[in-house]
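Student: First, the structure itself, so that you have it in front of you.
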Amino acid sequence: MKKSFLLVLCLVFAGFSGNLMAEPSALVTNPADIRFIELKEMAKFLEEDLDLGKGITEVVGKKVIDHRFRKAGMPDPVKEQVSYSMVVREMPVDQLNAAFILKGPVDNAKFLEFADKRYYRYFANLQKQNIEAKPKIPANTRISDKATRVYPFAFRDAEALISYFDDYTIIATVPRGDYSLISDIIKVLDGKAAMSQKQPARISFMTSFVPLAQERQEIKTFEGQHQGFVAKARSGFKKVTNKKAWAGEKKMTDLENNLKAAMSGVERFSYNVDAIGKDDGYAYDINMIFKCANAQEASRLRDLLLAWLASNSAKTLSDEDMVSFKSNKVSTNNDTCVFSVKLGSSAAEQYQFSSMIMTLMMQDRRFNRLFKS
């Protein structure tokens, strides 16, 4: 369930910034403020933009992707009513208390089978990387009398869990044994606690982590993506932009290795999201904050991230994608490097940002292995 630290950063970034919609806010800090966002319109937009417009899904194969989601028990949001919400709670450094809630016809038996396989495969990968980690075993429990599957983290005193009842599926990361957030969410979903009449005008959330020694090793040894796959995949896309900007596989491999080395030395990572109410919904300020050993290391990380952004602009990004892509900014302040995104409140802008994120992820061999394994 727990991936390498670098992949966690990527998925958190994609999850928070790639799936938010204008109104209401999908991200809340108080379970009483939960609002479910329908996925149908976004799914239709992504299907049209990624598949019909760019041909991106042909990198793996649309039927393969659909089959993989169905095999994991996930419904098709274009064909069935599926919605989601996210609840997060600020915690001390090194603790995460966050829940992603799906509302819809999830096949929980298939989903748990998928989660178990990914969980055991993670420990097998640690062994291949020669990273010492005592194998853990998932366990079944009940939270507020709801069936729950618990997955202990490999290194941290934390758990991932899947709790399910009626048409709700809660996927969460919590401190070990602390299920208070999940209990509070269940009270709202069960109608035992009142839902607020209006969401706050501003919703803010921050979490911070100091990477453990094993996580630093994971980052350094995390499998590269630039080993023939990207160049091969790009040749099959219907629309390719900035061909001349492609640096070549060797340079891309060197860049990624240098970036992983710099990331493994980060002293602390923080993630901050501000949802700001506007006339037409919520806009989002998203910041990933890397505290480095000194100003020189912060500048080096900034330069590597900027080079990574420049290289990714050479991939299959449409003109509309490039507008979203340029909302990414990297800056430094003494020993701190900040990766920030400002996302407007319109659904169209947020849909396109989702498409841009997925366009880049679909070209990553590590991401695509989820569909081929």
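Chain labels A, B, ... are given in the sequence in which chains occur in the structure tokens; within each chain residues are numbered consecutively from 1, and ligands are likewise numbered from 1 in the order shown.
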Just the strand (DSSP E) stuff from stretch 275-311 of chain A, please, per backbone DSSP, written as a list in words.
Tutor: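 DSSP-assigned strand (DSSP E) residues in stretch 275-311 of chain A: Ala275, Ile276, Gly277, Lys278, Gly281, Tyr282, Ala283, Tyr284, Asp285, Ile286, Asn287, Met288, Ile289, Phe290 and Lys291 of chain A.
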Student: Write out as JSON, numbers by chain which residues come within 10 Å of A:Leu309 when counting only C-alpha atoms, dropping same-chain ones fewer than 5 positions away.
Tutor: {"A": [303, 304, 314, 325, 326, 328, 329, 330]}
Student: List the spatial neighbours of A:Ser196 as a PyMOL selection string - criterion: any atom at most 12 Å away, only C-alpha atoms, same-chain residues fewer than 5 positions off excluded.
Tutor: chain A and resi 28+30-35+188+191
Student: Would you mind exporting C-alpha atoms of the selected residues as a PDB file, in the first residue's frame?
Tutor:
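Written output follows (result_30.pdb):
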```
ATOM      1  CA  VAL A  28     -12.103  19.587   3.513  1.00  0.00           C
ATOM      2  CA  ASN A  30     -13.866  18.973   8.883  1.00  0.00           C
ATOM      3  CA  PRO A  31     -15.954  15.851   8.080  1.00  0.00           C
ATOM      4  CA  ALA A  32     -19.092  17.983   8.507  1.00  0.00           C
ATOM      5  CA  ASP A  33     -18.044  19.923   5.382  1.00  0.00           C
ATOM      6  CA  ILE A  34     -17.920  16.822   3.149  1.00  0.00           C
ATOM      7  CA  ARG A  35     -19.349  17.369  -0.335  1.00  0.00           C
ATOM      8  CA  VAL A 188     -21.502  12.086   8.914  1.00  0.00           C
ATOM      9  CA  GLY A 191     -26.390  10.632   9.290  1.00  0.00           C
TER      10      GLY A 191
END
```
Student: Pick out the residues sitting within 9 Å of A:Trp308, and hand them over as a PyMOL selection string; count only C-alpha atoms, and ignore anything fewer than 2 positions along from it in its own chain.
Tutor: chain A and resi 252+255-256+259+303-306+310-313
Student: Write to file, as a CSV table (one decimal), in the first residue's frame, the residues of the selection just made, with N, CA and C atoms.
Tutor:
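Okay, this is what ended up in again_9.csv:
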```csv
chain,number,residue,atom,x,y,z
A,252,MET,N,18.2,12.4,-20.1
A,252,MET,CA,17.1,12.3,-19.2
A,252,MET,C,17.4,11.4,-18.1
A,255,LEU,N,19.5,13.2,-15.7
A,255,LEU,CA,18.7,14.2,-15.0
A,255,LEU,C,17.9,13.6,-13.9
A,256,GLU,N,17.3,12.5,-14.2
A,256,GLU,CA,16.4,11.8,-13.2
A,256,GLU,C,17.3,11.3,-12.0
A,259,LEU,N,18.2,14.1,-9.9
A,259,LEU,CA,17.1,14.6,-9.1
A,259,LEU,C,16.8,13.7,-8.0
A,303,ASP,N,17.2,24.0,-9.7
A,303,ASP,CA,17.6,23.9,-11.1
A,303,ASP,C,17.3,22.5,-11.7
A,304,LEU,N,17.4,21.5,-10.9
A,304,LEU,CA,17.0,20.1,-11.4
A,304,LEU,C,15.5,20.0,-11.6
A,305,LEU,N,14.7,20.6,-10.8
A,305,LEU,CA,13.3,20.6,-11.0
A,305,LEU,C,12.9,21.4,-12.2
A,306,LEU,N,13.5,22.5,-12.4
A,306,LEU,CA,13.3,23.3,-13.6
A,306,LEU,C,13.7,22.6,-14.9
A,310,ALA,N,11.2,21.4,-17.9
A,310,ALA,CA,11.5,21.7,-19.3
A,310,ALA,C,11.5,20.5,-20.1
A,311,SER,N,12.1,19.4,-19.6
A,311,SER,CA,12.1,18.1,-20.4
A,311,SER,C,10.7,17.6,-20.6
A,312,ASN,N,9.9,17.7,-19.6
A,312,ASN,CA,8.5,17.2,-19.7
A,312,ASN,C,7.7,18.0,-20.7
A,313,SER,N,8.1,19.3,-20.9
A,313,SER,CA,7.3,20.1,-21.9
A,313,SER,C,7.6,19.6,-23.3
```
Student: Leaving out A:Lys260 and any residue of its chain fewer than 6 positions from it, which residues lie within 10 Å of it when counting only C-alpha atoms, given as a PyMOL selection string?
Tutor: chain A and resi 6+216-222+224+254+301+304
Student: Tell me which of A:Thr207, A:Ala72, A:Phe339, A:Lys146 sits closest to A:Lys117, counting only C-alpha atoms.
Tutor: A:Ala72
Student: Write down as a PyMOL selection string the residues of stretch 121-299 of chain A whose backbone DSSP state falls under helix (DSSP H, G or I).
Tutor: chain A and resi 121-128+180-189+213-221+229-234+243-245+249-264+295-299
Student: Near A:Ala193, within 9 Å and counting only C-alpha atoms, which residues show up once chain neighbours fewer than 6 positions away are dropped, as a ChimeraX atom specification?
Tutor: /A:32,184-187
Student: At most 9 Å is the cut-off: for each residue in stretch 248-363 of chain A with any atom that close to an atom of stretch 46-50 of chain A, write down the nearest atom pair and the distance in Å rounded to one decimal, counting only C-alpha atoms, chain first then increasing number, as a tab-separated table.
Tutor:
```
residue	atom	partner	partner_atom	distance
A:Tyr351	CA	A:Leu46	CA	7.7
A:Gln352	CA	A:Leu46	CA	8.3
A:Ser354	CA	A:Leu46	CA	7.8
A:Ser355	CA	A:Leu46	CA	6.0
A:Met358	CA	A:Leu50	CA	8.1
A:Thr359	CA	A:Leu50	CA	7.0
```
Student: Write to file, as a PDB file, in the first residue's frame, the residues of the selection just made, with C-alpha atoms.
Tutor:
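Here's the written file out-v8.pdb:
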```pdb
ATOM      1  CA  TYR A 351     -10.210  19.590 -16.048  1.00  0.00           C
ATOM      2  CA  GLN A 352      -7.367  20.619 -18.343  1.00  0.00           C
ATOM      3  CA  SER A 354      -6.053  16.953 -14.770  1.00  0.00           C
ATOM      4  CA  SER A 355      -5.506  16.067 -18.415  1.00  0.00           C
ATOM      5  CA  MET A 358      -2.470  12.311 -16.746  1.00  0.00           C
ATOM      6  CA  THR A 359      -0.713  12.958 -20.064  1.00  0.00           C
TER       7      THR A 359
END
```
Student: Skipping near chain neighbours, those fewer than 2 positions away, what residues fall within 9 Å of A:Asn108 using only C-alpha atoms, listed as a PyMOL selection string?
Tutor: chain A and resi 72-74+105-106+110-113+164+169
Student: Can I get the selection written as a PDB file, in the first residue's frame, with N, CA and C atoms?
Tutor:
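Wrote result_11.pdb, looks like this:
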```
ATOM      1  N   ALA A  72      -9.921  -4.413 -10.764  1.00  0.00           N
ATOM      2  CA  ALA A  72      -9.674  -3.909  -9.409  1.00  0.00           C
ATOM      3  C   ALA A  72     -10.967  -3.500  -8.714  1.00  0.00           C
ATOM      4  N   GLY A  73     -12.104  -3.719  -9.356  1.00  0.00           N
ATOM      5  CA  GLY A  73     -13.389  -3.427  -8.733  1.00  0.00           C
ATOM      6  C   GLY A  73     -13.869  -2.004  -8.867  1.00  0.00           C
ATOM      7  N   MET A  74     -13.185  -1.202  -9.707  1.00  0.00           N
ATOM      8  CA  MET A  74     -13.559   0.202  -9.858  1.00  0.00           C
ATOM      9  C   MET A  74     -14.582   0.371 -10.978  1.00  0.00           C
ATOM     10  N   PRO A 105     -20.666   2.166  -6.879  1.00  0.00           N
ATOM     11  CA  PRO A 105     -20.693   0.690  -6.843  1.00  0.00           C
ATOM     12  C   PRO A 105     -19.310   0.063  -6.976  1.00  0.00           C
ATOM     13  N   VAL A 106     -18.436   0.285  -5.994  1.00  0.00           N
ATOM     14  CA  VAL A 106     -17.120  -0.363  -5.979  1.00  0.00           C
ATOM     15  C   VAL A 106     -17.293  -1.822  -5.565  1.00  0.00           C
ATOM     16  N   LYS A 110     -13.014  -7.351  -5.005  1.00  0.00           N
ATOM     17  CA  LYS A 110     -11.980  -7.197  -6.019  1.00  0.00           C
ATOM     18  C   LYS A 110     -10.978  -6.114  -5.622  1.00  0.00           C
ATOM     19  N   PHE A 111     -11.492  -5.021  -5.034  1.00  0.00           N
ATOM     20  CA  PHE A 111     -10.607  -3.927  -4.666  1.00  0.00           C
ATOM     21  C   PHE A 111      -9.645  -4.352  -3.564  1.00  0.00           C
ATOM     22  N   LEU A 112     -10.118  -5.112  -2.587  1.00  0.00           N
ATOM     23  CA  LEU A 112      -9.248  -5.592  -1.520  1.00  0.00           C
ATOM     24  C   LEU A 112      -8.223  -6.587  -2.053  1.00  0.00           C
ATOM     25  N   GLU A 113      -8.634  -7.413  -2.992  1.00  0.00           N
ATOM     26  CA  GLU A 113      -7.689  -8.354  -3.611  1.00  0.00           C
ATOM     27  C   GLU A 113      -6.576  -7.589  -4.329  1.00  0.00           C
ATOM     28  N   TYR A 164     -15.349   0.048   4.311  1.00  0.00           N
ATOM     29  CA  TYR A 164     -16.405   0.048   3.304  1.00  0.00           C
ATOM     30  C   TYR A 164     -17.751  -0.355   3.907  1.00  0.00           C
ATOM     31  N   THR A 169     -16.677   3.777   0.053  1.00  0.00           N
ATOM     32  CA  THR A 169     -15.377   3.148   0.253  1.00  0.00           C
ATOM     33  C   THR A 169     -14.414   4.226   0.719  1.00  0.00           C
TER      34      THR A 169
END
```
Student: Taking only C-alpha atoms into account, name the residue in A:Ala158, A:Met356, A:Glu38, A:Asp319 that is nearest to A:Val78.
Tutor: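 For A:Val78, the nearest of the candidates is A:Glu38.
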